[in-house]
Amino acid sequence: MDTPIAPVAIIETPFSKRHCCWFCGEPSQVSFIFPAISATSANETKQYLLRSCSHPVISVPTCCECQQLAKKNHEDNIWAVKHLVKRQLLKRYAKDLAIGIQWSEQELASSEFEQGNFAGFARSAWFMYEVAKERVNYLGWPLVVHGIELNEDELVAADTFSFDGVLYPSLAEAINHYAKVFLLDEPYVMAVLQYMSHGDIDEKSFAQAVRFCRLLVNATANERKVAFKALINNIG
């Protein structure tokens with residue numbers, strides 16, 4: 001492992017979180033140092049990140065999976081790195097998160113999947129959904145160094161979007177996720193959402209847009225165009 005040139009500040013971790021990954025809340029096994037720069041890998045990009053970073057070099061506890069995801073970043077602050085990690089977790093566990101969209105816990109329990117190949121699915125699906133949701137939703141704890149709390153990047157925090165109990169890294173990620181789950185045309189979902197929301201996108205307008213677009217699964221481009229014109233006429 002390379003030895004960092006800059007001094008590393010260990011963040012103050014609450015006692016109840018002392019064994020938690022700062023990114024996802026799972027048990028921590030390693031640490032992630034950011035921004036990372038060493039004598040053997042001090043290239044121009046890393047030098048720039050070190051100079052532009054708004055906080056000192058810090059070390060946060062993390063699980064092995066999140067550490068590997070975080071290492072792929074090219075960001076200039078730790079909250080942007082967390083945003084990237086959340087995006088990757090959302091992509092990696094998209095199928096598990098889709099369980100909560102397509103099923104309820106009660107529906108799975110009474111699904112009569114006790115026999116055959118689906119028996120294991122019925123037993124584990126909701127548990128996997130809850131684990132994935134908790135990891136994606138996990139907010140971490142305030143980063144305090146030498147008694148001073150670091151200010152979170154406001155632009156990164158404002159980019160998140162919450163829907164149906166899941167905190168998505170951004171509105172675009174939420175649209176992408178639902179479009180894949182329901183086999184919807186992603187640009188069409190965005191267009192419908194923008195029109196229905198009148199520029200004020202919230203959970204209600206998001207739900208309305210998804211419901212409308214689901215009526216047009218397998219529709220042709222021309223059929224979607226006709227439906228959108230009808231939507232404009234009805235709402236207008």
# chains A, B, ... in the order shown; residues from 1 in each chain; ligands from 1

call {"tool": "residues_around", "arguments": {"residues": "segment 153-159 of chain A", "least_positions_apart": "3", "cutoff": "8 Å", "atoms": "only C-alpha atoms", "output": "compact mmCIF listing (two decimals) with N, CA and C atoms, in the first residue's frame"}}
result
# COMPACT_ATOMS: atom_id res chain seq x y z
N ASN A 77 -14.62 15.82 -3.65
CA ASN A 77 -15.01 15.83 -2.24
C ASN A 77 -15.63 14.48 -1.89
N TRP A 79 -18.36 13.64 -0.36
CA TRP A 79 -19.79 13.46 -0.57
C TRP A 79 -20.10 13.12 -2.02
N ALA A 80 -19.33 13.67 -2.93
CA ALA A 80 -19.48 13.29 -4.34
C ALA A 80 -19.05 11.85 -4.54
N HIS A 83 -21.90 9.77 -3.45
CA HIS A 83 -22.91 9.81 -4.50
C HIS A 83 -22.59 8.76 -5.57
N PRO A 169 -29.79 8.42 -5.78
CA PRO A 169 -28.73 9.43 -5.87
C PRO A 169 -29.15 10.65 -6.68
N SER A 170 -30.08 10.47 -7.61
CA SER A 170 -30.56 11.59 -8.42
C SER A 170 -31.89 11.21 -9.05
N LEU A 171 -32.60 12.20 -9.56
CA LEU A 171 -33.86 11.95 -10.26
C LEU A 171 -33.61 11.08 -11.49

call {"tool": "closest_atom_pairs", "arguments": {"of": "segment 169-205 of chain A", "to": "segment 100-112 of chain A", "cutoff": "10 Å", "atoms": "only C-alpha atoms", "output": "JSON lines"}}
result
{"residue": "A:Tyr178", "atom": "CA", "partner": "A:Ile101", "partner_atom": "CA", "distance": 8.6}
{"residue": "A:Val181", "atom": "CA", "partner": "A:Ile101", "partner_atom": "CA", "distance": 8.2}
{"residue": "A:Phe182", "atom": "CA", "partner": "A:Gln102", "partner_atom": "CA", "distance": 9.1}

call {"tool": "write_last_selection", "arguments": {"atoms": "C-alpha atoms", "output": "mmCIF file, in the first residue's frame"}}
result
data_model
loop_
_atom_site.group_PDB
_atom_site.id
_atom_site.type_symbol
_atom_site.label_atom_id
_atom_site.label_comp_id
_atom_site.auth_asym_id
_atom_site.auth_seq_id
_atom_site.Cartn_x
_atom_site.Cartn_y
_atom_site.Cartn_z
ATOM 1 C CA TYR A 178 -38.180 2.420 -13.049
ATOM 2 C CA VAL A 181 -38.080 -2.470 -14.126
ATOM 3 C CA PHE A 182 -41.203 -1.814 -16.200
#

call {"tool": "residues_around", "arguments": {"residues": "Leu215 of chain A", "least_positions_apart": "5", "cutoff": "10 Å", "atoms": "only C-alpha atoms", "output": "ChimeraX atom specification"}}
result
/A:184,210,224,227

call {"tool": "write_last_selection", "arguments": {"atoms": "C-alpha atoms", "output": "PDB file, in the first residue's frame"}}
result
ATOM      1  CA  LEU A 184     -40.432   1.769 -20.330  1.00  0.00           C
ATOM      2  CA  VAL A 210     -44.881   6.049 -14.183  1.00  0.00           C
ATOM      3  CA  ARG A 224     -46.571   7.090 -27.596  1.00  0.00           C
ATOM      4  CA  ALA A 227     -50.856   9.353 -26.235  1.00  0.00           C
TER       5      ALA A 227
END

call {"tool": "select_by_dssp", "arguments": {"residues": "segment 110-179 of chain A", "states": "strand (DSSP E)", "output": "list in words"}}
result
Val144, Val145, Ile148, Glu149, Phe161, Ser162, Phe163, Val166, Leu167 and Tyr168 of chain A

call {"tool": "write_last_selection", "arguments": {"atoms": "all heavy atoms", "output": "PDB file, in the first residue's frame"}}
result
ATOM      1  N   VAL A 144     -16.755  14.696  11.348  1.00  0.00           N
ATOM      2  CA  VAL A 144     -16.165  15.629  12.307  1.00  0.00           C
ATOM      3  C   VAL A 144     -14.670  15.338  12.429  1.00  0.00           C
ATOM      4  O   VAL A 144     -14.272  14.194  12.673  1.00  0.00           O
ATOM      5  CB  VAL A 144     -16.844  15.514  13.693  1.00  0.00           C
ATOM      6  CG1 VAL A 144     -16.172  16.450  14.697  1.00  0.00           C
ATOM      7  CG2 VAL A 144     -18.337  15.823  13.574  1.00  0.00           C
ATOM      8  N   VAL A 145     -13.868  16.367  12.240  1.00  0.00           N
ATOM      9  CA  VAL A 145     -12.418  16.238  12.352  1.00  0.00           C
ATOM     10  C   VAL A 145     -11.924  17.259  13.372  1.00  0.00           C
ATOM     11  O   VAL A 145     -12.174  18.451  13.230  1.00  0.00           O
ATOM     12  CB  VAL A 145     -11.725  16.489  10.991  1.00  0.00           C
ATOM     13  CG1 VAL A 145     -10.214  16.437  11.151  1.00  0.00           C
ATOM     14  CG2 VAL A 145     -12.185  15.459   9.966  1.00  0.00           C
ATOM     15  N   ILE A 148     -14.498  19.695  14.627  1.00  0.00           N
ATOM     16  CA  ILE A 148     -15.134  20.592  13.657  1.00  0.00           C
ATOM     17  C   ILE A 148     -15.842  19.756  12.589  1.00  0.00           C
ATOM     18  O   ILE A 148     -15.230  18.894  11.959  1.00  0.00           O
ATOM     19  CB  ILE A 148     -14.101  21.523  12.994  1.00  0.00           C
ATOM     20  CG1 ILE A 148     -13.405  22.377  14.062  1.00  0.00           C
ATOM     21  CG2 ILE A 148     -14.773  22.415  11.950  1.00  0.00           C
ATOM     22  CD1 ILE A 148     -12.291  23.236  13.509  1.00  0.00           C
ATOM     23  N   GLU A 149     -17.133  20.021  12.389  1.00  0.00           N
ATOM     24  CA  GLU A 149     -17.900  19.286  11.395  1.00  0.00           C
ATOM     25  C   GLU A 149     -17.619  19.825   9.997  1.00  0.00           C
ATOM     26  O   GLU A 149     -17.671  21.043   9.764  1.00  0.00           O
ATOM     27  CB  GLU A 149     -19.396  19.371  11.699  1.00  0.00           C
ATOM     28  CG  GLU A 149     -20.259  18.571  10.718  1.00  0.00           C
ATOM     29  CD  GLU A 149     -21.735  18.564  11.098  1.00  0.00           C
ATOM     30  OE1 GLU A 149     -22.048  18.779  12.294  1.00  0.00           O
ATOM     31  OE2 GLU A 149     -22.571  18.354  10.199  1.00  0.00           O
ATOM     32  N   PHE A 161     -33.147  12.142  -4.843  1.00  0.00           N
ATOM     33  CA  PHE A 161     -34.600  12.100  -5.067  1.00  0.00           C
ATOM     34  C   PHE A 161     -35.172  10.884  -4.350  1.00  0.00           C
ATOM     35  O   PHE A 161     -34.694   9.764  -4.524  1.00  0.00           O
ATOM     36  CB  PHE A 161     -34.917  12.019  -6.558  1.00  0.00           C
ATOM     37  CG  PHE A 161     -36.391  11.981  -6.865  1.00  0.00           C
ATOM     38  CD1 PHE A 161     -37.159  13.130  -6.773  1.00  0.00           C
ATOM     39  CD2 PHE A 161     -37.006  10.783  -7.226  1.00  0.00           C
ATOM     40  CE1 PHE A 161     -38.524  13.094  -7.039  1.00  0.00           C
ATOM     41  CE2 PHE A 161     -38.365  10.739  -7.498  1.00  0.00           C
ATOM     42  CZ  PHE A 161     -39.128  11.904  -7.415  1.00  0.00           C
ATOM     43  N   SER A 162     -36.188  11.107  -3.538  1.00  0.00           N
ATOM     44  CA  SER A 162     -36.792  10.036  -2.752  1.00  0.00           C
ATOM     45  C   SER A 162     -38.134   9.630  -3.349  1.00  0.00           C
ATOM     46  O   SER A 162     -38.965  10.488  -3.675  1.00  0.00           O
ATOM     47  CB  SER A 162     -36.989  10.495  -1.302  1.00  0.00           C
ATOM     48  OG  SER A 162     -37.599   9.465  -0.527  1.00  0.00           O
ATOM     49  N   PHE A 163     -38.324   8.316  -3.501  1.00  0.00           N
ATOM     50  CA  PHE A 163     -39.607   7.812  -3.999  1.00  0.00           C
ATOM     51  C   PHE A 163     -39.876   6.418  -3.452  1.00  0.00           C
ATOM     52  O   PHE A 163     -39.014   5.540  -3.516  1.00  0.00           O
ATOM     53  CB  PHE A 163     -39.635   7.776  -5.533  1.00  0.00           C
ATOM     54  CG  PHE A 163     -40.955   7.319  -6.087  1.00  0.00           C
ATOM     55  CD1 PHE A 163     -42.060   8.151  -6.050  1.00  0.00           C
ATOM     56  CD2 PHE A 163     -41.097   6.042  -6.618  1.00  0.00           C
ATOM     57  CE1 PHE A 163     -43.290   7.726  -6.541  1.00  0.00           C
ATOM     58  CE2 PHE A 163     -42.321   5.604  -7.110  1.00  0.00           C
ATOM     59  CZ  PHE A 163     -43.420   6.462  -7.073  1.00  0.00           C
ATOM     60  N   VAL A 166     -37.300   4.745  -1.144  1.00  0.00           N
ATOM     61  CA  VAL A 166     -35.921   4.581  -1.590  1.00  0.00           C
ATOM     62  C   VAL A 166     -35.342   5.948  -1.920  1.00  0.00           C
ATOM     63  O   VAL A 166     -35.960   6.752  -2.620  1.00  0.00           O
ATOM     64  CB  VAL A 166     -35.828   3.666  -2.833  1.00  0.00           C
ATOM     65  CG1 VAL A 166     -34.386   3.580  -3.326  1.00  0.00           C
ATOM     66  CG2 VAL A 166     -36.357   2.275  -2.506  1.00  0.00           C
ATOM     67  N   LEU A 167     -34.134   6.221  -1.412  1.00  0.00           N
ATOM     68  CA  LEU A 167     -33.454   7.478  -1.680  1.00  0.00           C
ATOM     69  C   LEU A 167     -32.491   7.274  -2.846  1.00  0.00           C
ATOM     70  O   LEU A 167     -31.446   6.646  -2.693  1.00  0.00           O
ATOM     71  CB  LEU A 167     -32.684   7.947  -0.439  1.00  0.00           C
ATOM     72  CG  LEU A 167     -31.958   9.294  -0.552  1.00  0.00           C
ATOM     73  CD1 LEU A 167     -32.965  10.430  -0.771  1.00  0.00           C
ATOM     74  CD2 LEU A 167     -31.136   9.571   0.703  1.00  0.00           C
ATOM     75  N   TYR A 168     -32.848   7.799  -3.990  1.00  0.00           N
ATOM     76  CA  TYR A 168     -32.031   7.638  -5.187  1.00  0.00           C
ATOM     77  C   TYR A 168     -30.964   8.734  -5.245  1.00  0.00           C
ATOM     78  O   TYR A 168     -31.209   9.867  -4.811  1.00  0.00           O
ATOM     79  CB  TYR A 168     -32.906   7.703  -6.440  1.00  0.00           C
ATOM     80  CG  TYR A 168     -33.864   6.539  -6.557  1.00  0.00           C
ATOM     81  CD1 TYR A 168     -35.144   6.606  -6.007  1.00  0.00           C
ATOM     82  CD2 TYR A 168     -33.481   5.367  -7.184  1.00  0.00           C
ATOM     83  CE1 TYR A 168     -36.019   5.529  -6.089  1.00  0.00           C
ATOM     84  CE2 TYR A 168     -34.355   4.278  -7.273  1.00  0.00           C
ATOM     85  CZ  TYR A 168     -35.615   4.377  -6.717  1.00  0.00           C
ATOM     86  OH  TYR A 168     -36.470   3.300  -6.797  1.00  0.00           O
TER      87      TYR A 168
END

call {"tool": "atom_distance", "arguments": {"atom1": "atom CA of Asn222 of chain A", "atom2": "atom CA of Asp185 of chain A"}}
result
12.7 Å

call {"tool": "residues_around", "arguments": {"residues": "Pro14 of chain A", "least_positions_apart": "5", "cutoff": "12 Å", "atoms": "only C-alpha atoms", "output": "PDB file with C-alpha atoms, in the first residue's frame"}}
result
ATOM      1  CA  HIS A  19     -18.334  -0.963  13.187  1.00  0.00           C
ATOM      2  CA  CYS A  20     -20.330   0.523  10.287  1.00  0.00           C
ATOM      3  CA  TRP A  22     -19.814   5.166   6.268  1.00  0.00           C
ATOM      4  CA  PRO A  61     -14.463   3.214   7.786  1.00  0.00           C
ATOM      5  CA  GLY A 140     -23.830   7.931   7.127  1.00  0.00           C
ATOM      6  CA  TRP A 141     -22.999  10.307   9.962  1.00  0.00           C
ATOM      7  CA  PRO A 142     -21.667  13.874  10.007  1.00  0.00           C
ATOM      8  CA  LEU A 143     -17.935  14.022   9.357  1.00  0.00           C
ATOM      9  CA  VAL A 144     -16.165  15.629  12.307  1.00  0.00           C
TER      10      VAL A 144
END

call {"tool": "select_by_dssp", "arguments": {"residues": "segment 53-161 of chain A", "states": "helix (DSSP H, G or I)", "output": "ChimeraX atom specification"}}
result
/A:64-70,78-92,94-102,105-109,116-137,154-158

call {"tool": "closest_residue", "arguments": {"among": "A:Lys17, A:Ile58, A:Lys225, A:Lys95", "to": "His146 of chain A", "atoms": "only C-alpha atoms"}}
result
A:Ile58

call {"tool": "closest_residue", "arguments": {"among": "A:Tyr195, A:Ala98, A:Asn218, A:Asp200", "to": "Leu231 of chain A", "atoms": "only C-alpha atoms"}}
result
A:Tyr195

call {"tool": "atom_distance", "arguments": {"atom1": "atom CA of Tyr138 of chain A", "atom2": "atom CA of His177 of chain A"}}
result
18.2 Å

call {"tool": "residues_around", "arguments": {"residues": "Cys53 of chain A", "least_positions_apart": "5", "cutoff": "9 Å", "atoms": "only C-alpha atoms", "output": "list in words"}}
result
Pro35, Tyr48, Glu75, Asp76, Asn77 and Ile78 of chain A

call {"tool": "write_last_selection", "arguments": {"atoms": "C-alpha atoms", "output": "PDB file, in the first residue's frame"}}
result
ATOM      1  CA  PRO A  35      -8.277  12.290  -1.441  1.00  0.00           C
ATOM      2  CA  TYR A  48      -5.429  18.497  -8.896  1.00  0.00           C
ATOM      3  CA  GLU A  75     -14.359  13.495  -7.564  1.00  0.00           C
ATOM      4  CA  ASP A  76     -13.167  16.473  -5.534  1.00  0.00           C
ATOM      5  CA  ASN A  77     -15.012  15.831  -2.242  1.00  0.00           C
ATOM      6  CA  ILE A  78     -16.042  12.837  -0.146  1.00  0.00           C
TER       7      ILE A  78
END

call {"tool": "closest_residue", "arguments": {"among": "A:Arg18, A:His74, A:Arg211, A:Lys180", "to": "Lys91 of chain A", "atoms": "only C-alpha atoms"}}
result
A:Lys180

call {"tool": "atom_distance", "arguments": {"atom1": "atom CA of Leu69 of chain A", "atom2": "atom CA of Ser54 of chain A"}}
result
21.2 Å
